[in-house]
Every structure is written in C-alpha cells, then in structure tokens.
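Below is one structure; the comments refer to it alone.
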Amino acid sequence: MRLLNIFRYYWKSIFMVLFIQYLSFTSPATFDKLPSLEIPNLDKLVHLLMYAGLTAVLIWDFKMRRKSNSRLRFFVLICVFFPILFGGIVEILQSACFAPRTADWFDWLADISGVLCACLAMRFIRPRILSKSVR
C-alpha cells in the first residue's frame with residue numbers, strides 16, 4: 001500500500017526522473033531529426049533546465065505532501081542531494097554503458113547549478129503561488 005501511495009503522490013517526480021533518463025541514455029542519433037541550433041554551450045543549458053525542472057517538481061511534490069518543515073533532513077536528502085547524485089551517476093553510466101555517449105563533468109556542474117537555481121527559485125516562488133491560491 002505504501003508503494004502505491006508513493007506513485008500516487010509523487011508521479012510527477014517519477015516521470016521527470018524517467019524522462020531525464022530517457023534523454024540521457026538515448027543514442028544521440030535519435031535527436032538528429034531536431035532542428036540544429038548553433039548556440040554555444042546549449043548542452044549545458046539543457047542540463048541546467050532539466051535538473052532545475054526535476055528539483056522544482058521534487059520540492060513541489062514534497063512540500064505539497066508535507067505541510068510542516070519538521071523533516072528538513074529528509075527534504076534536503078530527497079530534493080537536493082538526490083538530483084545531484086543522480087546527475088553524477090548518469091554521467092558515469094553514459095561513459096561506461098551507453099556508447100557513443102561520454103561523461104562530461106561540466107554537464108554534471110550544469111546539473112548541480114540547475115538544482116541550486118531551482119532551490120532558490122522555489123524558495124521565493126512557491127510561497128507567492130500558495131498565497132495567491134488562498135485569496
């Protein structure tokens with residue numbers, strides 16, 4: 001029953017993790033059909049946005065489910081350390097198991113930047129959204 005509740009309450013977070021895994025482990029040839037944008041470091045921006053999105057969804061799901069701040073350690077573990085660790089593991093797996101993908105530690109730094117940006121943004125955005133919905 002508990003596992004069913006996890007899927008019911010955190011389906012958005014689970015979807016984001018699976019979506020990032022798909023994008024990270026799929027062959028680059030899959031994306032050849034997309035229009036090519038000549039933007040320097042676009043890959044890093046995509047990493048930042050993916051992990052900012054994941055972190056924002058994790059924070060939203062966690063905070064909407066738990067109304068108190070009594071479990072701060074658990075919150076930090078799930079919403080901050082999990083995406084950072086996940087990003088590092090993805091980079092290692094790309095290099096070890098998913099050729100022609102390679103590990104790029106600057107991608108991981110972009111992931112970490114996305115996590116930190118989302119934490120900052122959610123710190124200021126979430127209370128405003130909730131106060132508008134109460135009115």
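Labels for the structure tokens follow display order: chains A, B, ..., residues from 1 in each chain, ligands from 1.
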Q: Please report, as a ChimeraX atom specification, each residue of chain A to which DSSP assigns helix (DSSP H, G or I) when run on this structure's backbone.
A: /A:2-9,11-25,28-31,42-65,72-97,105-134
Q: Find the residue from A:Gln21, A:Ser13, A:Asn5, A:Ser27 that sits nearest to Pro100 in chain A; use only C-alpha atoms when measuring.
A: A:Ser27
Q | Surrounding residues of Ala99 in chain A excluding itself and chain neighbours under 6 positions, 12 Å, only C-alpha atoms, as a list of chain:residue names | A |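 Skipping anything fewer than 6 positions along the chain leaves A:Ser24, A:Phe25, A:Thr26, A:Ser27, A:Pro28, A:Ala29, A:Glu91, A:Ile92, A:Leu93.
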Q: Write out as JSON, numbers by chain each polymer residue whose atoms come within 9 Å of range 72-85 of chain A, counting only C-alpha atoms; drop sequence neighbours fewer than 4 positions from it.
A: {"A": [17, 51, 54, 55, 56, 57, 58, 59, 62, 63, 89, 90, 108, 111, 112, 115, 116, 119]}
Q: Record the distance separating CA of Asp107 in chain A and CA of Gly87 in chain A, expressed in Å with one decimal.
A: 8.4 Å
Q) At what distance in Å, to one decimal, does CA of Lys44 in chain A lie from CA of Ala110 in chain A? A) 5.6 Å
Q) Which is closer to Gly53 in chain A than all the others in A:Met16, A:Leu109, A:Leu34, A:Ile6, using only C-alpha atoms? A)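 Nearest candidate to Gly53 in chain A out of A:Met16, A:Leu109, A:Leu34, A:Ile6: A:Met16.
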Q) To one decimal place, how far is CA of Leu48 in chain A from CA of Asp61 in chain A in Å? A)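 Here the two named atoms are 19.8 Å from each other.
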